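Have a look at the structure below before the remarks.
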Amino acid sequence: MHPKEWRISLGMSQAEAAATAFYYGKNPARAWQRWETGQLEPPLSVVHYIEQYSMLCDGPGVWLQDWLEVRREWLARQ
């Protein structure tokens, strides 16, 4: 599942999604936005936490291959 679709399906803002992954950088919402668009790859720790969260929730999840696909799509547009 696309990370943005996953976040929206759970009713989370970008800042809330970043907090779910225990990411508290300078601007977590902006970082999450860049990860969703593929402009940047999320740190592996973020991928790990989101995968763990996905396993705990009933419903769709976001996995490493989803993040990689978003990144590939972004790179293809450049």
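Going by the structure tokens order, chains are called A, B, ..., each with residues numbered from 1, while ligands are numbered from 1 in the order shown.
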- Could you name the residues that touch A:Ala15 at 8 Å or less, counting only C-alpha atoms, but leaving out those on the same chain fewer than 6 positions away, as a list of chain:residue names? A:Pro28, A:Ala29, A:Trp32
- Query: Counting only C-alpha atoms, what is within 9 Å of A:Pro3, bar same-chain residues fewer than 4 positions away, as a list of chain:residue names?
  - Reply: A:Arg7, A:Ile8, A:Trp35, A:Glu36, A:Thr37, A:Gly61, A:Val62, A:Trp63, A:Asp66, A:Trp67, A:Val70
So that I have them on file, write out the residues from the current selection with N, CA, C and O atoms, as a PDB file, in the first residue's frame.
```pdb
ATOM      1  N   ARG A   7      -1.588   6.172   5.542  1.00  0.00           N
ATOM      2  CA  ARG A   7      -1.732   7.216   6.565  1.00  0.00           C
ATOM      3  C   ARG A   7      -3.147   7.777   6.563  1.00  0.00           C
ATOM      4  O   ARG A   7      -3.786   7.903   7.614  1.00  0.00           O
ATOM      5  N   ILE A   8      -3.664   8.078   5.395  1.00  0.00           N
ATOM      6  CA  ILE A   8      -5.011   8.642   5.282  1.00  0.00           C
ATOM      7  C   ILE A   8      -6.062   7.638   5.745  1.00  0.00           C
ATOM      8  O   ILE A   8      -7.028   7.999   6.419  1.00  0.00           O
ATOM      9  N   TRP A  35       9.077  11.672   2.363  1.00  0.00           N
ATOM     10  CA  TRP A  35       9.105  10.202   2.240  1.00  0.00           C
ATOM     11  C   TRP A  35       7.925   9.715   1.418  1.00  0.00           C
ATOM     12  O   TRP A  35       8.075   8.817   0.593  1.00  0.00           O
ATOM     13  N   GLU A  36       6.747  10.284   1.641  1.00  0.00           N
ATOM     14  CA  GLU A  36       5.547   9.885   0.902  1.00  0.00           C
ATOM     15  C   GLU A  36       5.681  10.147  -0.585  1.00  0.00           C
ATOM     16  O   GLU A  36       5.144   9.395  -1.387  1.00  0.00           O
ATOM     17  N   THR A  37       6.346  11.220  -0.947  1.00  0.00           N
ATOM     18  CA  THR A  37       6.490  11.558  -2.363  1.00  0.00           C
ATOM     19  C   THR A  37       7.647  10.815  -3.014  1.00  0.00           C
ATOM     20  O   THR A  37       7.741  10.768  -4.230  1.00  0.00           O
ATOM     21  N   GLY A  61      -1.104  -2.538   5.446  1.00  0.00           N
ATOM     22  CA  GLY A  61       0.129  -2.037   6.037  1.00  0.00           C
ATOM     23  C   GLY A  61       1.044  -1.447   4.993  1.00  0.00           C
ATOM     24  O   GLY A  61       0.786  -1.519   3.794  1.00  0.00           O
ATOM     25  N   VAL A  62       2.124  -0.875   5.470  1.00  0.00           N
ATOM     26  CA  VAL A  62       3.159  -0.329   4.596  1.00  0.00           C
ATOM     27  C   VAL A  62       4.438  -1.088   4.897  1.00  0.00           C
ATOM     28  O   VAL A  62       4.851  -1.189   6.053  1.00  0.00           O
ATOM     29  N   TRP A  63       5.039  -1.597   3.866  1.00  0.00           N
ATOM     30  CA  TRP A  63       6.226  -2.429   4.013  1.00  0.00           C
ATOM     31  C   TRP A  63       7.386  -1.820   3.243  1.00  0.00           C
ATOM     32  O   TRP A  63       7.210  -0.894   2.450  1.00  0.00           O
ATOM     33  N   ASP A  66       7.011  -1.141  -0.387  1.00  0.00           N
ATOM     34  CA  ASP A  66       6.140  -0.001  -0.714  1.00  0.00           C
ATOM     35  C   ASP A  66       6.941   1.294  -0.741  1.00  0.00           C
ATOM     36  O   ASP A  66       6.774   2.123  -1.637  1.00  0.00           O
ATOM     37  N   TRP A  67       7.799   1.489   0.264  1.00  0.00           N
ATOM     38  CA  TRP A  67       8.636   2.690   0.292  1.00  0.00           C
ATOM     39  C   TRP A  67       9.572   2.718  -0.904  1.00  0.00           C
ATOM     40  O   TRP A  67       9.791   3.767  -1.511  1.00  0.00           O
ATOM     41  N   VAL A  70       7.725   3.779  -4.079  1.00  0.00           N
ATOM     42  CA  VAL A  70       7.488   5.226  -4.089  1.00  0.00           C
ATOM     43  C   VAL A  70       8.760   5.944  -4.536  1.00  0.00           C
ATOM     44  O   VAL A  70       8.717   6.861  -5.357  1.00  0.00           O
TER      45      VAL A  70
END
```
Write out as a compact mmCIF listing (two decimals) with C-alpha atoms, in the first residue's frame which residues come within 12 Å of A:Leu68 when counting only C-alpha atoms, dropping same-chain ones fewer than 3 positions away.
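Once everything was written out, this is part.txt:
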```txt
# COMPACT_ATOMS: atom_id res chain seq x y z
CA MET A 1 0.00 0.00 0.00
CA HIS A 2 1.20 3.49 -0.75
CA PRO A 3 2.37 5.23 2.45
CA TRP A 35 9.10 10.20 2.24
CA GLU A 36 5.55 9.88 0.90
CA THR A 37 6.49 11.56 -2.36
CA GLY A 38 9.70 9.56 -2.73
CA GLN A 39 11.87 12.66 -2.65
CA LEU A 40 13.78 11.06 0.23
CA GLU A 41 14.01 7.55 1.59
CA PRO A 42 12.89 7.16 5.19
CA PRO A 43 15.46 5.91 7.68
CA LEU A 44 15.34 2.16 8.24
CA VAL A 47 10.42 1.67 8.06
CA VAL A 62 3.16 -0.33 4.60
CA TRP A 63 6.23 -2.43 4.01
CA LEU A 64 9.78 -1.82 2.81
CA GLN A 65 8.88 -2.67 -0.80
CA ARG A 71 11.16 6.14 -4.37
CA ARG A 72 11.53 4.40 -7.77
CA GLU A 73 8.49 6.26 -9.09
CA TRP A 74 9.89 9.58 -7.93
CA LEU A 75 13.29 8.90 -9.46
```
- Item | Using only C-alpha atoms: which of A:Ser54, A:Ser45, A:Ala18, A:Gln78 has the shortest distance to A:Trp6 |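 Closest to A:Trp6 of all the choices is A:Ser54.
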Residues within 12 Å of A:Glu16, only C-alpha atoms, excluding chain neighbours under 3 positions, as a PDB file with all heavy atoms, in the first residue's frame:
```pdb
ATOM      1  N   ARG A   7      -1.588   6.172   5.542  1.00  0.00           N
ATOM      2  CA  ARG A   7      -1.732   7.216   6.565  1.00  0.00           C
ATOM      3  C   ARG A   7      -3.147   7.777   6.563  1.00  0.00           C
ATOM      4  O   ARG A   7      -3.786   7.903   7.614  1.00  0.00           O
ATOM      5  CB  ARG A   7      -0.716   8.333   6.299  1.00  0.00           C
ATOM      6  CG  ARG A   7      -0.856   9.527   7.225  1.00  0.00           C
ATOM      7  CD  ARG A   7       0.137  10.612   6.890  1.00  0.00           C
ATOM      8  NE  ARG A   7       0.036  11.161   5.561  1.00  0.00           N
ATOM      9  CZ  ARG A   7      -0.871  12.050   5.166  1.00  0.00           C
ATOM     10  NH1 ARG A   7      -1.793  12.482   6.007  1.00  0.00           N
ATOM     11  NH2 ARG A   7      -0.854  12.521   3.936  1.00  0.00           N
ATOM     12  N   ILE A   8      -3.664   8.078   5.395  1.00  0.00           N
ATOM     13  CA  ILE A   8      -5.011   8.642   5.282  1.00  0.00           C
ATOM     14  C   ILE A   8      -6.062   7.638   5.745  1.00  0.00           C
ATOM     15  O   ILE A   8      -7.028   7.999   6.419  1.00  0.00           O
ATOM     16  CB  ILE A   8      -5.268   9.139   3.852  1.00  0.00           C
ATOM     17  CG1 ILE A   8      -4.392  10.374   3.582  1.00  0.00           C
ATOM     18  CG2 ILE A   8      -6.735   9.462   3.626  1.00  0.00           C
ATOM     19  CD1 ILE A   8      -4.378  10.831   2.145  1.00  0.00           C
ATOM     20  N   LEU A  10      -5.845   5.583   8.012  1.00  0.00           N
ATOM     21  CA  LEU A  10      -5.839   5.550   9.473  1.00  0.00           C
ATOM     22  C   LEU A  10      -6.215   6.893  10.084  1.00  0.00           C
ATOM     23  O   LEU A  10      -6.257   7.034  11.312  1.00  0.00           O
ATOM     24  CB  LEU A  10      -4.464   5.114   9.987  1.00  0.00           C
ATOM     25  CG  LEU A  10      -4.073   3.680   9.644  1.00  0.00           C
ATOM     26  CD1 LEU A  10      -2.642   3.406  10.068  1.00  0.00           C
ATOM     27  CD2 LEU A  10      -5.025   2.690  10.277  1.00  0.00           C
ATOM     28  N   GLY A  11      -6.472   7.880   9.236  1.00  0.00           N
ATOM     29  CA  GLY A  11      -6.884   9.196   9.712  1.00  0.00           C
ATOM     30  C   GLY A  11      -5.784   9.969  10.412  1.00  0.00           C
ATOM     31  O   GLY A  11      -6.056  10.784  11.294  1.00  0.00           O
ATOM     32  N   MET A  12      -4.543   9.750   9.995  1.00  0.00           N
ATOM     33  CA  MET A  12      -3.406  10.419  10.622  1.00  0.00           C
ATOM     34  C   MET A  12      -2.910  11.578   9.777  1.00  0.00           C
ATOM     35  O   MET A  12      -2.921  11.506   8.546  1.00  0.00           O
ATOM     36  CB  MET A  12      -2.232   9.452  10.798  1.00  0.00           C
ATOM     37  CG  MET A  12      -2.383   8.458  11.897  1.00  0.00           C
ATOM     38  SD  MET A  12      -0.801   7.658  12.231  1.00  0.00           S
ATOM     39  CE  MET A  12      -1.072   6.073  11.474  1.00  0.00           C
ATOM     40  N   SER A  13      -2.450  12.610  10.452  1.00  0.00           N
ATOM     41  CA  SER A  13      -1.742  13.683   9.760  1.00  0.00           C
ATOM     42  C   SER A  13      -0.315  13.201   9.500  1.00  0.00           C
ATOM     43  O   SER A  13       0.103  12.159  10.021  1.00  0.00           O
ATOM     44  CB  SER A  13      -1.712  14.941  10.628  1.00  0.00           C
ATOM     45  OG  SER A  13      -0.901  14.717  11.772  1.00  0.00           O
ATOM     46  N   ALA A  19       5.230  10.619  14.226  1.00  0.00           N
ATOM     47  CA  ALA A  19       5.298  10.298  15.655  1.00  0.00           C
ATOM     48  C   ALA A  19       5.059   8.812  15.893  1.00  0.00           C
ATOM     49  O   ALA A  19       5.674   8.216  16.785  1.00  0.00           O
ATOM     50  CB  ALA A  19       4.284  11.128  16.433  1.00  0.00           C
ATOM     51  N   THR A  20       4.192   8.198  15.094  1.00  0.00           N
ATOM     52  CA  THR A  20       3.944   6.760  15.195  1.00  0.00           C
ATOM     53  C   THR A  20       5.227   5.986  14.950  1.00  0.00           C
ATOM     54  O   THR A  20       5.454   4.937  15.544  1.00  0.00           O
ATOM     55  CB  THR A  20       2.858   6.340  14.182  1.00  0.00           C
ATOM     56  OG1 THR A  20       1.656   7.034  14.501  1.00  0.00           O
ATOM     57  CG2 THR A  20       2.613   4.848  14.219  1.00  0.00           C
ATOM     58  N   ALA A  21       6.082   6.531  14.085  1.00  0.00           N
ATOM     59  CA  ALA A  21       7.361   5.892  13.764  1.00  0.00           C
ATOM     60  C   ALA A  21       8.483   6.392  14.668  1.00  0.00           C
ATOM     61  O   ALA A  21       9.648   6.117  14.411  1.00  0.00           O
ATOM     62  CB  ALA A  21       7.720   6.148  12.309  1.00  0.00           C
ATOM     63  N   PHE A  22       8.120   7.121  15.715  1.00  0.00           N
ATOM     64  CA  PHE A  22       9.098   7.671  16.658  1.00  0.00           C
ATOM     65  C   PHE A  22      10.129   8.549  15.970  1.00  0.00           C
ATOM     66  O   PHE A  22      11.302   8.546  16.306  1.00  0.00           O
ATOM     67  CB  PHE A  22       9.784   6.551  17.464  1.00  0.00           C
ATOM     68  CG  PHE A  22       8.826   5.759  18.282  1.00  0.00           C
ATOM     69  CD1 PHE A  22       8.344   4.532  17.836  1.00  0.00           C
ATOM     70  CD2 PHE A  22       8.383   6.240  19.497  1.00  0.00           C
ATOM     71  CE1 PHE A  22       7.449   3.803  18.590  1.00  0.00           C
ATOM     72  CE2 PHE A  22       7.477   5.517  20.263  1.00  0.00           C
ATOM     73  CZ  PHE A  22       7.001   4.291  19.810  1.00  0.00           C
ATOM     74  N   TYR A  23       9.665   9.318  14.967  1.00  0.00           N
ATOM     75  CA  TYR A  23      10.553  10.255  14.278  1.00  0.00           C
ATOM     76  C   TYR A  23      10.227  11.658  14.768  1.00  0.00           C
ATOM     77  O   TYR A  23       9.123  12.163  14.555  1.00  0.00           O
ATOM     78  CB  TYR A  23      10.380  10.181  12.755  1.00  0.00           C
ATOM     79  CG  TYR A  23      11.344  11.083  12.042  1.00  0.00           C
ATOM     80  CD1 TYR A  23      12.659  10.679  11.846  1.00  0.00           C
ATOM     81  CD2 TYR A  23      10.970  12.337  11.602  1.00  0.00           C
ATOM     82  CE1 TYR A  23      13.572  11.515  11.214  1.00  0.00           C
ATOM     83  CE2 TYR A  23      11.867  13.178  10.976  1.00  0.00           C
ATOM     84  CZ  TYR A  23      13.165  12.760  10.788  1.00  0.00           C
ATOM     85  OH  TYR A  23      14.063  13.586  10.176  1.00  0.00           O
ATOM     86  N   TYR A  24      11.184  12.272  15.413  1.00  0.00           N
ATOM     87  CA  TYR A  24      10.985  13.601  15.987  1.00  0.00           C
ATOM     88  C   TYR A  24      12.084  14.553  15.548  1.00  0.00           C
ATOM     89  O   TYR A  24      12.666  15.250  16.349  1.00  0.00           O
ATOM     90  CB  TYR A  24      10.946  13.526  17.520  1.00  0.00           C
ATOM     91  CG  TYR A  24       9.862  12.630  18.035  1.00  0.00           C
ATOM     92  CD1 TYR A  24      10.148  11.362  18.515  1.00  0.00           C
ATOM     93  CD2 TYR A  24       8.545  13.049  18.021  1.00  0.00           C
ATOM     94  CE1 TYR A  24       9.136  10.539  18.989  1.00  0.00           C
ATOM     95  CE2 TYR A  24       7.528  12.235  18.495  1.00  0.00           C
ATOM     96  CZ  TYR A  24       7.834  10.978  18.971  1.00  0.00           C
ATOM     97  OH  TYR A  24       6.837  10.168  19.433  1.00  0.00           O
ATOM     98  N   ASN A  27      11.469  18.907  11.617  1.00  0.00           N
ATOM     99  CA  ASN A  27      10.111  19.098  11.113  1.00  0.00           C
ATOM    100  C   ASN A  27       9.578  17.743  10.656  1.00  0.00           C
ATOM    101  O   ASN A  27       9.640  17.410   9.471  1.00  0.00           O
ATOM    102  CB  ASN A  27      10.105  20.107   9.965  1.00  0.00           C
ATOM    103  CG  ASN A  27       8.712  20.490   9.537  1.00  0.00           C
ATOM    104  OD1 ASN A  27       7.737  19.800   9.830  1.00  0.00           O
ATOM    105  ND2 ASN A  27       8.616  21.596   8.818  1.00  0.00           N
ATOM    106  N   PRO A  28       9.033  16.952  11.580  1.00  0.00           N
ATOM    107  CA  PRO A  28       8.603  15.588  11.247  1.00  0.00           C
ATOM    108  C   PRO A  28       7.568  15.521  10.126  1.00  0.00           C
ATOM    109  O   PRO A  28       7.638  14.622   9.286  1.00  0.00           O
ATOM    110  CB  PRO A  28       8.021  15.066  12.555  1.00  0.00           C
ATOM    111  CG  PRO A  28       8.590  15.919  13.616  1.00  0.00           C
ATOM    112  CD  PRO A  28       8.844  17.249  12.990  1.00  0.00           C
ATOM    113  N   ALA A  29       6.620  16.466  10.089  1.00  0.00           N
ATOM    114  CA  ALA A  29       5.597  16.434   9.041  1.00  0.00           C
ATOM    115  C   ALA A  29       6.223  16.632   7.661  1.00  0.00           C
ATOM    116  O   ALA A  29       5.854  15.959   6.696  1.00  0.00           O
ATOM    117  CB  ALA A  29       4.532  17.495   9.300  1.00  0.00           C
ATOM    118  N   ARG A  30       7.173  17.537   7.557  1.00  0.00           N
ATOM    119  CA  ARG A  30       7.843  17.788   6.273  1.00  0.00           C
ATOM    120  C   ARG A  30       8.671  16.576   5.854  1.00  0.00           C
ATOM    121  O   ARG A  30       8.683  16.193   4.674  1.00  0.00           O
ATOM    122  CB  ARG A  30       8.726  19.036   6.368  1.00  0.00           C
ATOM    123  CG  ARG A  30       9.446  19.354   5.079  1.00  0.00           C
ATOM    124  CD  ARG A  30       8.473  19.836   4.006  1.00  0.00           C
ATOM    125  NE  ARG A  30       9.242  20.242   2.835  1.00  0.00           N
ATOM    126  CZ  ARG A  30       8.957  19.872   1.601  1.00  0.00           C
ATOM    127  NH1 ARG A  30       7.913  19.136   1.349  1.00  0.00           N
ATOM    128  NH2 ARG A  30       9.705  20.266   0.605  1.00  0.00           N
ATOM    129  N   ALA A  31       9.339  15.967   6.814  1.00  0.00           N
ATOM    130  CA  ALA A  31      10.107  14.756   6.503  1.00  0.00           C
ATOM    131  C   ALA A  31       9.168  13.670   5.981  1.00  0.00           C
ATOM    132  O   ALA A  31       9.458  13.024   4.956  1.00  0.00           O
ATOM    133  CB  ALA A  31      10.856  14.273   7.736  1.00  0.00           C
ATOM    134  N   TRP A  32       8.036  13.484   6.665  1.00  0.00           N
ATOM    135  CA  TRP A  32       7.089  12.459   6.230  1.00  0.00           C
ATOM    136  C   TRP A  32       6.585  12.771   4.819  1.00  0.00           C
ATOM    137  O   TRP A  32       6.455  11.868   3.990  1.00  0.00           O
ATOM    138  CB  TRP A  32       5.919  12.351   7.206  1.00  0.00           C
ATOM    139  CG  TRP A  32       5.057  11.172   6.872  1.00  0.00           C
ATOM    140  CD1 TRP A  32       4.026  11.147   5.980  1.00  0.00           C
ATOM    141  CD2 TRP A  32       5.197   9.847   7.370  1.00  0.00           C
ATOM    142  NE1 TRP A  32       3.501   9.885   5.907  1.00  0.00           N
ATOM    143  CE2 TRP A  32       4.202   9.063   6.750  1.00  0.00           C
ATOM    144  CE3 TRP A  32       6.048   9.246   8.279  1.00  0.00           C
ATOM    145  CZ2 TRP A  32       4.044   7.715   7.019  1.00  0.00           C
ATOM    146  CZ3 TRP A  32       5.888   7.901   8.547  1.00  0.00           C
ATOM    147  CH2 TRP A  32       4.909   7.147   7.923  1.00  0.00           C
ATOM    148  N   GLN A  33       6.315  14.034   4.543  1.00  0.00           N
ATOM    149  CA  GLN A  33       5.857  14.427   3.219  1.00  0.00           C
ATOM    150  C   GLN A  33       6.888  14.035   2.156  1.00  0.00           C
ATOM    151  O   GLN A  33       6.538  13.504   1.103  1.00  0.00           O
ATOM    152  CB  GLN A  33       5.603  15.931   3.168  1.00  0.00           C
ATOM    153  CG  GLN A  33       5.138  16.424   1.819  1.00  0.00           C
ATOM    154  CD  GLN A  33       5.041  17.939   1.766  1.00  0.00           C
ATOM    155  OE1 GLN A  33       5.755  18.640   2.469  1.00  0.00           O
ATOM    156  NE2 GLN A  33       4.151  18.434   0.930  1.00  0.00           N
ATOM    157  N   ILE A  50       7.069   1.438  11.302  1.00  0.00           N
ATOM    158  CA  ILE A  50       5.815   1.421  10.550  1.00  0.00           C
ATOM    159  C   ILE A  50       5.418  -0.019  10.222  1.00  0.00           C
ATOM    160  O   ILE A  50       4.237  -0.373  10.287  1.00  0.00           O
ATOM    161  CB  ILE A  50       5.917   2.292   9.282  1.00  0.00           C
ATOM    162  CG1 ILE A  50       6.084   3.765   9.667  1.00  0.00           C
ATOM    163  CG2 ILE A  50       4.702   2.101   8.378  1.00  0.00           C
ATOM    164  CD1 ILE A  50       4.951   4.342  10.503  1.00  0.00           C
TER     165      ILE A  50
END
```
- Message: Quick check for you: according to DSSP on this backbone, which residues of chain A are classed as helix (DSSP H, G or I)? Reply as a VMD selection string.
- Response: chain A and resid 3 to 9 14 to 20 28 to 37 44 to 56 64 to 77
- Task: Work out how far atom CA of A:Arg34 is from atom CA of A:Val46, in Å to one decimal.
- Result: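 Pair atom CA of A:Val46 / atom CA of A:Arg34 returns 13.2 Å.
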